[in-house]
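Notes follow once the structure below has been shown.
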Amino acid sequence: MIEIKNLAKKFAVENPKKLSEQEKKDPRLKGRFFHSVLDVSFKVNQGEVLGLLGPNGAGKTTTLRMLSTALQPDQGSVDINNVNVLKNPLLARQKIGFLSGSTGLYGRLTGRENIEYFGQLHGMSKSGIESRISELSTMLEMESFLDRRSETFSTGMKQKTSIARAVVHNPEVVILDEPTTGLDIMATQTVLDFIRSLKKSKVPVIFSTHHLGEVEELCDRVTVIDKGISQFDGSLQEFKNQAQDGNLHGAFLATIQQGEL
Ligand SMILES: Nc1ncnc2c1ncn2[C@@H]1O[C@H](COP(=O)(O)OP(=O)(O)OP(=O)(O)O)[C@@H](O)[C@H]1O
């Protein structure tokens, strides 16, 4: 189980002129600081998949980066199976598999070598890494390109390799930042099937997305972040109930409108 309580993160604004017009009008801009995340809380149980939704700039990536310990929160707590992971980032990295939107692969290494390298960083044995790569390459349909240099990869091949690399150490929780962005229909389906298989093996998954179809297909729980605040956190059915006709687009818009009242 992973529980996030009252996370907050602000960034110093180095050059106010560089802010977008939208950010200049955003109530989260207070003096020299932009409060990207003000108050985000949610919870995912064993074997549940949580979809993190929100408009552009809502604070989803900042939240996920705090969960993965890439960013230190100003406030709040992250517990995985009742262990406060923020107090122990090394333990957190063992427990969490994180796919960030911007992780680059080492172009001169093959797909396999990229994944192996991360397995080594996690202290896995050679044979453990080998059998895990074989398992992941089947699940993510990577066999045909696994031994090619990753600089030659398509977007889909890169993404599959990045996902395999993120979960090579069999993490207790998997966090994916927009895992299907830029992927074609086949690659998207493979990634969604992979999330489904994590769910089957009871690994909680948190993923951000702008695709409501993916939420309908996969998610048990939904959290909607708007302007740095979790405006909704509940089951998929509770989320659907936000709209009179149970339509996810309607539920999303109703949640955002409620937050603006
Ligand atoms: N390092 C930083 N310094 C200053 N501002 C930042 C920093 N990182 C994020 N922000 C700002 O915080 C806000 C939230 O950004 P974030 O990337 O978390 O949004 P998001 O919900 O993931 O958006 P999207 O759906 O567009 O990916 C944005 O206005 C962004 O410009």
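By order in the structure tokens, chains are A, B, ...; within a chain, residues start at 1; ligands start at 1, following the order shown.
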Kindly provide, as a short mmCIF file (atom, residue, chain, number, x, y, z; two decimals) with C-alpha atoms, in the first residue's frame, all nucleotide and amino acid residues lying within 6 Å of ligand 1, counting only C-alpha atoms and all ligand atoms.
data_model
loop_
_atom_site.label_atom_id
_atom_site.label_comp_id
_atom_site.auth_asym_id
_atom_site.auth_seq_id
_atom_site.Cartn_x
_atom_site.Cartn_y
_atom_site.Cartn_z
CA PHE A 11 10.11 26.47 -6.77
CA GLU A 23 1.64 30.92 -14.97
CA SER A 36 3.58 23.85 -8.13
CA GLY A 54 -5.12 16.87 -14.39
CA PRO A 55 -4.79 19.70 -16.89
CA ASN A 56 -1.37 20.72 -18.24
CA GLY A 57 0.71 22.28 -15.51
CA ALA A 58 -1.52 20.92 -12.70
CA GLY A 59 1.40 19.44 -10.76
CA LYS A 60 1.26 15.75 -11.75
CA THR A 61 4.91 15.36 -12.76
CA THR A 62 6.09 17.33 -9.73
#
Residues within 8 Å of A:Ser235, please, as a PDB file with N, CA and C atoms, in the first residue's frame. Count only C-alpha atoms; anything in the same chain fewer than 3 positions from it doesn't count.
ATOM      1  N   ASP A 220      -8.478   1.360 -10.986  1.00  0.00           N
ATOM      2  CA  ASP A 220      -9.391   1.102  -9.877  1.00  0.00           C
ATOM      3  C   ASP A 220      -9.688   2.401  -9.155  1.00  0.00           C
ATOM      4  N   ARG A 221      -8.674   3.267  -9.153  1.00  0.00           N
ATOM      5  CA  ARG A 221      -8.818   4.544  -8.447  1.00  0.00           C
ATOM      6  C   ARG A 221      -8.396   5.700  -9.351  1.00  0.00           C
ATOM      7  N   VAL A 222      -8.919   6.865  -9.026  1.00  0.00           N
ATOM      8  CA  VAL A 222      -8.600   8.062  -9.804  1.00  0.00           C
ATOM      9  C   VAL A 222      -8.267   9.207  -8.838  1.00  0.00           C
ATOM     10  N   GLU A 238     -16.767   6.066  -8.128  1.00  0.00           N
ATOM     11  CA  GLU A 238     -17.044   7.357  -7.470  1.00  0.00           C
ATOM     12  C   GLU A 238     -16.713   8.520  -8.409  1.00  0.00           C
ATOM     13  N   PHE A 239     -15.629   8.329  -9.182  1.00  0.00           N
ATOM     14  CA  PHE A 239     -15.249   9.374 -10.137  1.00  0.00           C
ATOM     15  C   PHE A 239     -16.335   9.529 -11.204  1.00  0.00           C
TER      16      PHE A 239
END
Between A:Met124, A:Ile225, A:Val44, A:Ile256, single out the one closest to A:Ser208, counting only C-alpha atoms.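 For A:Ser208, the nearest of the candidates is A:Ile225.
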Output as a PyMOL selection string all residues of stretch 61-143 of chain A that backbone DSSP marks as strand (DSSP E or B). chain A and resi 75-80+83-84+96-99+110
Write out, as a PDB file, in the first residue's frame, the residues just selected, with N, CA and C atoms.
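Full text of result-v9.pdb as output:
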ATOM      1  N   GLN A  75       6.740  19.710   2.181  1.00  0.00           N
ATOM      2  CA  GLN A  75       5.840  19.204   3.238  1.00  0.00           C
ATOM      3  C   GLN A  75       5.247  17.884   2.796  1.00  0.00           C
ATOM      4  N   GLY A  76       4.734  17.137   3.777  1.00  0.00           N
ATOM      5  CA  GLY A  76       3.964  15.938   3.455  1.00  0.00           C
ATOM      6  C   GLY A  76       4.744  14.657   3.659  1.00  0.00           C
ATOM      7  N   SER A  77       4.047  13.532   3.478  1.00  0.00           N
ATOM      8  CA  SER A  77       4.672  12.233   3.713  1.00  0.00           C
ATOM      9  C   SER A  77       4.310  11.241   2.615  1.00  0.00           C
ATOM     10  N   VAL A  78       5.215  10.285   2.397  1.00  0.00           N
ATOM     11  CA  VAL A  78       4.974   9.181   1.463  1.00  0.00           C
ATOM     12  C   VAL A  78       5.292   7.895   2.224  1.00  0.00           C
ATOM     13  N   ASP A  79       4.288   7.043   2.404  1.00  0.00           N
ATOM     14  CA  ASP A  79       4.497   5.764   3.090  1.00  0.00           C
ATOM     15  C   ASP A  79       4.256   4.616   2.135  1.00  0.00           C
ATOM     16  N   ILE A  80       5.192   3.682   2.105  1.00  0.00           N
ATOM     17  CA  ILE A  80       4.974   2.449   1.344  1.00  0.00           C
ATOM     18  C   ILE A  80       4.973   1.308   2.359  1.00  0.00           C
ATOM     19  N   VAL A  83       6.112   2.302   5.712  1.00  0.00           N
ATOM     20  CA  VAL A  83       7.483   2.804   5.905  1.00  0.00           C
ATOM     21  C   VAL A  83       7.558   4.191   5.275  1.00  0.00           C
ATOM     22  N   ASN A  84       8.013   5.175   6.066  1.00  0.00           N
ATOM     23  CA  ASN A  84       8.142   6.535   5.536  1.00  0.00           C
ATOM     24  C   ASN A  84       9.379   6.586   4.639  1.00  0.00           C
ATOM     25  N   ILE A  96      10.588   1.468  -5.159  1.00  0.00           N
ATOM     26  CA  ILE A  96       9.832   2.134  -6.213  1.00  0.00           C
ATOM     27  C   ILE A  96      10.489   1.936  -7.573  1.00  0.00           C
ATOM     28  N   GLY A  97       9.678   1.695  -8.582  1.00  0.00           N
ATOM     29  CA  GLY A  97      10.142   1.728  -9.968  1.00  0.00           C
ATOM     30  C   GLY A  97       9.534   2.957 -10.606  1.00  0.00           C
ATOM     31  N   PHE A  98      10.363   3.845 -11.132  1.00  0.00           N
ATOM     32  CA  PHE A  98       9.858   5.137 -11.621  1.00  0.00           C
ATOM     33  C   PHE A  98      10.237   5.357 -13.073  1.00  0.00           C
ATOM     34  N   LEU A  99       9.214   5.573 -13.898  1.00  0.00           N
ATOM     35  CA  LEU A  99       9.451   5.969 -15.287  1.00  0.00           C
ATOM     36  C   LEU A  99       9.154   7.448 -15.391  1.00  0.00           C
ATOM     37  N   THR A 110      23.187  -1.078 -25.939  1.00  0.00           N
ATOM     38  CA  THR A 110      22.001  -1.749 -26.470  1.00  0.00           C
ATOM     39  C   THR A 110      20.877  -1.641 -25.434  1.00  0.00           C
TER      40      THR A 110
END
Using only C-alpha atoms, which of A:Val49, A:Leu90, A:Val13, A:Leu236 sits nearest A:Lys202?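 Under the stated criterion, the closest residue is A:Val49.
Comparing the minimum interatomic distances between A:Gln94 and each of A:Ile185, A:Val174, A:Val191, A:Met142, counting only C-alpha atoms, we find that A:Val174 sits nearest.
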I'd like the contact shell of A:Glu48 - 9 Å cut-off, only C-alpha atoms, skipping same-chain residues fewer than 6 positions apart - returned as a ChimeraX atom specification. /A:1,199,202-206,219-221
Residues at most 10 Å from A:Ala187, counting only C-alpha atoms, excluding those fewer than 6 positions away in the same chain, as a list in words?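 Final neighbour list, sorted by chain and number: Leu140, Glu141, Thr155, Gly156, Met157, Gln159, Lys160, Thr180 and Asp193 of chain A.
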d(atom CA of A:Ile175, atom CA of A:Leu67) in Å: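 So the two atoms, atom CA of A:Ile175 and atom CA of A:Leu67, lie 8.2 Å apart.
From atom CA of A:Val167 back to atom CA of A:Asp39, the distance works out to 28.2 Å.
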Fewer than 2 positions away in the same chain doesn't count, so skip those; otherwise give me all residues within 10 Å of A:Gln72, counting only C-alpha atoms, as JSON, numbers by chain. {"A": [8, 9, 65, 66, 67, 68, 69, 70, 74, 75, 86, 89]}
Would you mind exporting C-alpha atoms of the selected residues as an mmCIF file, in the first residue's frame?
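Generated output (selection.cif):
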data_model
loop_
_atom_site.group_PDB
_atom_site.id
_atom_site.type_symbol
_atom_site.label_atom_id
_atom_site.label_comp_id
_atom_site.auth_asym_id
_atom_site.auth_seq_id
_atom_site.Cartn_x
_atom_site.Cartn_y
_atom_site.Cartn_z
ATOM 1 C CA ALA A 8 3.683 20.362 -1.224
ATOM 2 C CA LYS A 9 6.504 21.754 -3.354
ATOM 3 C CA ARG A 65 8.957 13.172 -8.912
ATOM 4 C CA MET A 66 8.453 13.667 -5.181
ATOM 5 C CA LEU A 67 7.126 10.105 -4.829
ATOM 6 C CA SER A 68 10.177 8.752 -6.612
ATOM 7 C CA THR A 69 12.518 10.844 -4.386
ATOM 8 C CA ALA A 70 13.871 12.732 -7.422
ATOM 9 C CA ASP A 74 8.607 20.915 1.279
ATOM 10 C CA GLN A 75 5.840 19.204 3.238
ATOM 11 C CA LEU A 86 11.086 10.162 2.325
ATOM 12 C CA PRO A 89 15.589 7.689 -0.006
#
Selected residue of minimal separation from A:Ser41 among A:Lys17, A:Lys10, A:Lys5, A:His249, counting only C-alpha atoms: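 Closest residue, counting only C-alpha atoms: A:Lys5.
Summary of the local environment: counting only C-alpha atoms, residues at most 7 Å from A:Val40, other than itself and those fewer than 2 positions away along its chain, are Lys5, Asn6, Leu7, Ala8, Val37, Leu38, Phe42, Ile229 and Ser230 of chain A.
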Store the residues picked out above in a file with C-alpha atoms, as a PDB file, in the first residue's frame.
ATOM      1  CA  LYS A   5      -0.394  12.834   2.539  1.00  0.00           C
ATOM      2  CA  ASN A   6      -0.415  16.585   2.015  1.00  0.00           C
ATOM      3  CA  LEU A   7       2.546  16.844  -0.349  1.00  0.00           C
ATOM      4  CA  ALA A   8       3.683  20.362  -1.224  1.00  0.00           C
ATOM      5  CA  VAL A  37       2.066  21.417  -5.626  1.00  0.00           C
ATOM      6  CA  LEU A  38       0.060  22.846  -2.723  1.00  0.00           C
ATOM      7  CA  PHE A  42      -4.014   9.901  -2.276  1.00  0.00           C
ATOM      8  CA  ILE A 229      -4.378  20.423  -5.211  1.00  0.00           C
ATOM      9  CA  SER A 230      -5.889  16.926  -5.316  1.00  0.00           C
TER      10      SER A 230
END
